[in-house]
Number of protein chains: 2
Amino acid sequence: MARPAQFERDDVLEKAMQVFWEQGYNATSMASLVDATSLKPGSIYAAFDSKEGLFLAALDHYAQQSVARIKRALAGADTPLQGIRNFFLNMGKEAAGECAGRSCLLVNTVLEIARQNEMVQKRVNRHLADIEALFLHALKAAQANGELLPDKDPKALAAFLMTSIWGLRVLGGTKPTPARTKAVVNQLLTLLD
Amino acid sequence: MARPAQFERDDVLEKAMQVFWEQGYNATSMASLVDATSLKPGSIYAAFDSKEGLFLAALDHYAQQSVARIKRALAGADTPLQGIRNFFLNMGKEAAGECAGRSCLLVNTVLEIARQNEMVQKRVNRHLADIEALFLHALKAAQANGELLPDKDPKALAAFLMTSIWGLRVLGGTKPTPARTKAVVNQLLTLLD
DNA sequence: TCAATAGTTGAACGATCACTCAACTATTGT
DNA sequence: ACAATAGTTGAGTGATCGTTCAACTATTGA
C-alpha cells in the first residue's frame with residue numbers, strides 16, 4: 001500500500017559502501033553520500049535512520065559480497081588447500097595493484113571506529129567470524145583428504161590466516177611492490193605445508 | 001631573544017599523540033587537542049601550523065618511541081632470534097590485553113588517511129621501513145650466528161614479520177582471547193625455525 | 001630603560017557537519 | 001473517486017568544524 005520507494009536498496013548500499021570504503025567513516029559526509037546515492041537527505045534518513053545506520057547497512061552489504069567472493073574462490077579450486085593458496089596468491093597481487101590502498105572495509109572499520117562503537121564492533125566481528133569459518137572448513141577438508149598434515153591445528157591455522165589477511169590489507173596500504181607482496185604470501189603459505 | 005615558549009614540545013606531542021591514537025585523525029577535533037594539551041588554539045597553530053602539522057609531529061613522536069621500544073626488546077634478549085620471539089610473544093599478550101583495540105598509530109594511519117594524503121603516506125612508510133630494518137638486522141645476525149637456517153631469506157622474513165605485526169594489530173582490535181592471540185603468534189613464529 | 005621580538009590569549013570567523021520537517025507527490029485499497 | 005498511506009523534496013536547523021587575529025604579555029639585546 002501507498003507509494004513504493006523509487007530507489008533500489010542494493011544500488012544505494014553499493015554506492016554508499018564505495019564512498020565509506022574510499023574515504024572512511026568519519027571523513028565521509030552526508031553531503032557526499034547524498035551526491036553518491038542521488039537520494040535527498042530525507043529519503044536517506046527515512047530508509048536508514050542515520051549516518052551510522054546507513055554505514056551498518058553498507059557494512060553488511062560489503063560483508064555479504066566478501067563472503068560470496070571467498071566462497072567462490074575456495075570452491076573454484078581443484079582441492080581445498082589449492083583454494084586457499086589461490087586466494088592468498090591472488091590477494092598478494094591485489095595488494096600490489098592500483099586499486100590497493102583502500103584495504104578492506106571490515107579491516108578499516110575495526111581500526112577506525114569499532115573501538116568506539118560497540119554495535120559496529122559486534123557487527124564487524126560477526127562478519128569476520130563468518131569468513132574465518134570458511135577457511136576453517138576448507139582446512140578441515142584439506143586435513144580429511146590428506147592434503148594438510150594431520151599434526152596441524154586447523155583452528156590455529158584459520159586464526160593465523162585471518163591475521164595474515166589483515167596484515168596483507170595493511171601491506172596493500174603501503175603501496176608495496178609486487179615482489180614484496182609475493183614474498184610475504186610465499187612465506188605465510190609455507191605454514192600450510 | 002624575545003619570549004620563550006611556555007610549553008615543553010615533547011609534553012604537547014605526547015598528549016596530542018594519545019588523543020590521535022585513541023580517536024583517530026578525523027574523529028579528533030582541534031577542541032579536544034586544545035583540551036588535552038592545555039594550549040590555546042593560537043599557540044598550537046603558531047607551533048605546528050595546522051591540525052595536519054600537529055598530527056605529523058605527533059606521528060614522528062610515536063614512531064620514535066616505537067623504534068626505541070623495539071630496539072630495546074631486540075637488544076634485551078640473549079640472542080637475536082630470541083629477541084624477535086620475545087617481541088612477538090609479548091605482542092600477542094598485548095593484543096589480548098585491556099589496552100588493545102587502539103592498535104598502533106602507524107597502522108591506523110595507513111588505513112585511515114595515508115591513502116588520501118601523500119605527505120602522511122610517505123612519512124608513515126619511512127617509519128615502517130625504519131622498524132623493518134631493525135628486524136632485518138636481527139634476522140641477519142641470527143643467520144650469521146647459526147640460529148636461523150642458512151636457506152631462509154631474511155628480507156622476505158622481515159617483510160613477513162612486518163605484515164604479521166600489522167595483522168596482530170588488527171587482531172587486537174577484535175578483542176580476541178589470550179588463547180587466540182597466543183595460537184596466532186605460535187603459528188607465525190614457526191616460520192623462524 | 002625600552003624598542004624589538006616572540007609567545008599567549010580567547011573571542012570570533014565562515015564553512016561544513018549530521019540531521020529535520022512541512023509541503024508535496026505518487027500509489028494504495030475500497 | 002478519494003481518503004489513507006508512504007516516499008520525496010530541499011531549504012533550513014543548531015552545533016561544531018579547523019582556523020584566524022588583534023590585543024596582550026613576557027623576554028630579549030643594546
# chains A, B, ... in the order shown; residues from 1 in each chain; ligands from 1
>>> interface_residues(of="chain D", to="chain A", cutoff="10 Å", atoms="only C-alpha atoms (C1' of nucleotides)", output="ChimeraX atom specification")
/D:4-10
>>> interface_residues(of="chain B", to="chain A", cutoff="6 Å", atoms="only C-alpha atoms", output="list in words")
Asn26, Gly101, Asn108, Val110, Leu111, Arg115, Ala156, Phe160, Thr163, Ser164, Trp166, Gly167, Gly173, Ala183 and Val184 of chain B
>>> select_by_dssp(residues="chain B", states="helix (DSSP H, G or I)", output="PyMOL selection string")
chain B and resi 9-23+30-37+41-48+51-75+80-96+105-112+114-116+118-144+154-173+178-192
>>> write_last_selection(atoms="C-alpha atoms", output="short mmCIF file (atom, residue, chain, number, x, y, z; two decimals), in the first residue's frame")
data_model
loop_
_atom_site.label_atom_id
_atom_site.label_comp_id
_atom_site.auth_asym_id
_atom_site.auth_seq_id
_atom_site.Cartn_x
_atom_site.Cartn_y
_atom_site.Cartn_z
CA ARG B 9 57.27 20.42 22.92
CA ASP B 10 57.55 16.74 23.85
CA ASP B 11 54.84 17.04 26.51
CA VAL B 12 52.47 18.54 24.00
CA LEU B 13 53.31 15.94 21.36
CA GLU B 14 52.83 13.11 23.83
CA LYS B 15 49.39 14.40 24.79
CA ALA B 16 48.34 15.09 21.21
CA MET B 17 49.61 11.66 20.16
CA GLN B 18 47.46 9.97 22.80
CA VAL B 19 44.36 11.72 21.51
CA PHE B 20 45.05 10.90 17.85
CA TRP B 21 45.86 7.34 18.82
CA GLU B 22 42.72 6.93 20.88
CA GLN B 23 40.27 8.53 18.47
CA MET B 30 41.05 20.76 17.47
CA ALA B 31 38.87 21.44 20.50
CA SER B 32 39.87 18.10 22.04
CA LEU B 33 43.52 18.79 21.24
CA VAL B 34 43.19 22.17 22.94
CA ASP B 35 41.75 20.37 25.95
CA ALA B 36 44.40 17.66 26.02
CA THR B 37 47.39 19.92 25.56
CA PRO B 41 44.37 27.37 19.54
CA GLY B 42 46.69 30.24 18.65
CA SER B 43 49.65 28.60 20.36
CA ILE B 44 49.05 25.32 18.61
CA TYR B 45 48.85 26.98 15.23
CA ALA B 46 51.92 29.08 15.93
CA ALA B 47 53.91 25.96 16.80
CA PHE B 48 52.52 23.39 14.38
CA LYS B 51 45.93 20.04 12.63
CA GLU B 52 47.83 18.08 10.00
CA GLY B 53 51.11 19.61 11.12
CA LEU B 54 50.46 18.66 14.72
CA PHE B 55 49.47 15.19 13.60
CA LEU B 56 52.66 14.70 11.61
CA ALA B 57 54.72 15.83 14.58
CA ALA B 58 52.78 13.50 16.87
CA LEU B 59 53.29 10.69 14.37
CA ASP B 60 57.05 11.26 14.41
CA HIS B 61 56.93 11.29 18.19
CA TYR B 62 55.10 7.98 18.17
CA ALA B 63 57.48 6.39 15.67
CA GLN B 64 60.48 7.50 17.68
CA GLN B 65 59.10 5.76 20.77
CA SER B 66 58.18 2.69 18.73
CA VAL B 67 61.62 2.30 17.25
CA ALA B 68 63.22 2.75 20.66
CA ARG B 69 60.92 0.17 22.23
CA ILE B 70 61.60 -2.42 19.53
CA LYS B 71 65.34 -1.77 19.68
CA ARG B 72 65.23 -2.34 23.44
CA ALA B 73 63.21 -5.53 23.07
CA LEU B 74 65.56 -6.95 20.45
CA ALA B 75 68.68 -5.96 22.34
CA PRO B 80 68.81 -12.09 18.03
CA LEU B 81 66.20 -14.74 17.32
CA GLN B 82 65.20 -14.88 20.97
CA GLY B 83 64.69 -11.12 20.81
CA ILE B 84 62.32 -11.50 17.89
CA ARG B 85 60.46 -14.33 19.57
CA ASN B 86 60.10 -12.39 22.79
CA PHE B 87 58.85 -9.36 20.90
CA PHE B 88 56.07 -11.32 19.22
CA LEU B 89 55.12 -13.27 22.32
CA ASN B 90 54.79 -10.02 24.17
CA MET B 91 52.82 -8.51 21.31
CA GLY B 92 50.41 -11.43 21.46
CA LYS B 93 49.82 -10.73 25.13
CA GLU B 94 49.30 -7.03 24.48
CA ALA B 95 46.82 -7.73 21.69
CA ALA B 96 44.66 -9.66 24.14
CA LEU B 105 49.07 4.66 15.43
CA LEU B 106 51.14 3.92 12.34
CA VAL B 107 48.83 1.11 11.23
CA ASN B 108 45.73 3.15 11.96
CA THR B 109 47.20 5.96 9.92
CA VAL B 110 47.97 3.74 6.93
CA LEU B 111 44.34 2.71 6.74
CA GLU B 112 42.62 5.94 7.74
CA ALA B 114 47.66 7.73 4.22
CA ARG B 115 45.75 6.89 1.06
CA GLN B 116 44.35 10.39 0.84
CA GLU B 118 50.75 11.73 0.17
CA MET B 119 52.79 13.51 2.81
CA VAL B 120 51.35 11.33 5.56
CA GLN B 121 51.77 8.25 3.39
CA LYS B 122 55.48 8.89 2.85
CA ARG B 123 56.08 9.71 6.49
CA VAL B 124 54.40 6.52 7.71
CA ASN B 125 56.22 4.40 5.15
CA ARG B 126 59.54 5.84 6.27
CA HIS B 127 58.82 4.99 9.90
CA LEU B 128 57.68 1.49 8.98
CA ALA B 129 60.84 0.99 6.93
CA ASP B 130 62.93 2.00 9.94
CA ILE B 131 61.21 -0.67 12.02
CA GLU B 132 61.57 -3.30 9.31
CA ALA B 133 65.29 -2.52 9.16
CA LEU B 134 65.58 -3.45 12.84
CA PHE B 135 64.06 -6.86 12.20
CA LEU B 136 66.13 -7.40 9.08
CA HIS B 137 69.26 -6.63 11.07
CA ALA B 138 68.28 -9.09 13.79
CA LEU B 139 67.45 -11.79 11.24
CA LYS B 140 70.81 -11.38 9.52
CA ALA B 141 72.56 -11.58 12.86
CA ALA B 142 70.61 -14.73 13.67
CA GLN B 143 71.66 -16.24 10.39
CA ALA B 144 75.27 -15.25 10.96
CA PRO B 154 65.99 -12.60 5.81
CA LYS B 155 64.46 -9.92 3.60
CA ALA B 156 61.37 -11.98 2.87
CA LEU B 157 61.10 -12.90 6.53
CA ALA B 158 61.42 -9.28 7.62
CA ALA B 159 58.62 -8.30 5.25
CA PHE B 160 56.57 -11.18 6.58
CA LEU B 161 57.19 -10.17 10.19
CA MET B 162 56.04 -6.63 9.46
CA THR B 163 52.89 -7.98 7.86
CA SER B 164 52.40 -10.16 10.92
CA ILE B 165 52.72 -7.17 13.22
CA TRP B 166 50.05 -5.38 11.26
CA GLY B 167 47.82 -8.43 11.31
CA LEU B 168 48.26 -8.72 15.07
CA ARG B 169 47.34 -5.06 15.49
CA VAL B 170 44.07 -5.64 13.69
CA LEU B 171 43.57 -8.87 15.65
CA GLY B 172 43.96 -6.81 18.80
CA GLY B 173 41.15 -4.57 17.55
CA PRO B 178 44.60 -14.58 25.03
CA ALA B 179 44.46 -18.16 23.74
CA ARG B 180 43.62 -16.93 20.28
CA THR B 181 46.46 -14.42 20.05
CA LYS B 182 48.86 -16.99 21.51
CA ALA B 183 47.87 -19.51 18.85
CA VAL B 184 48.42 -16.99 16.06
CA VAL B 185 51.82 -15.94 17.40
CA ASN B 186 52.89 -19.56 17.79
CA GLN B 187 51.94 -20.24 14.20
CA LEU B 188 53.85 -17.36 12.72
CA LEU B 189 56.92 -17.97 14.86
CA THR B 190 57.32 -21.46 13.41
CA LEU B 191 58.48 -19.77 10.21
CA LEU B 192 61.67 -18.84 12.06
#
>>> closest_atom_pairs(of="chain C", to="chain B", cutoff="9 Å", atoms="only C-alpha atoms (C1' of nucleotides)", output="tab-separated table")
residue	atom	partner	partner_atom	distance
C:DA4	C1'	B:Ala2	CA	8.2
C:DT5	C1'	B:Ala2	CA	4.7
C:DA6	C1'	B:Ala2	CA	4.9
C:DG7	C1'	B:Ala5	CA	5.8
C:DT8	C1'	B:Ser43	CA	6.7
C:DT9	C1'	B:Lys40	CA	6.9
C:DG10	C1'	B:Lys40	CA	7.7
>>> write_last_selection(atoms="C-alpha atoms (C1' of nucleotides)", output="mmCIF file, in the first residue's frame")
data_model
loop_
_atom_site.group_PDB
_atom_site.id
_atom_site.type_symbol
_atom_site.label_atom_id
_atom_site.label_comp_id
_atom_site.auth_asym_id
_atom_site.auth_seq_id
_atom_site.Cartn_x
_atom_site.Cartn_y
_atom_site.Cartn_z
ATOM 1 C "C1'" DA C 4 62.003 44.818 19.200
ATOM 2 C "C1'" DT C 5 60.733 40.250 19.276
ATOM 3 C "C1'" DA C 6 58.247 36.090 20.214
ATOM 4 C "C1'" DG C 7 54.556 33.634 22.662
ATOM 5 C "C1'" DT C 8 49.826 33.743 24.681
ATOM 6 C "C1'" DT C 9 45.045 34.516 24.717
ATOM 7 C "C1'" DG C 10 40.199 33.637 23.647
#
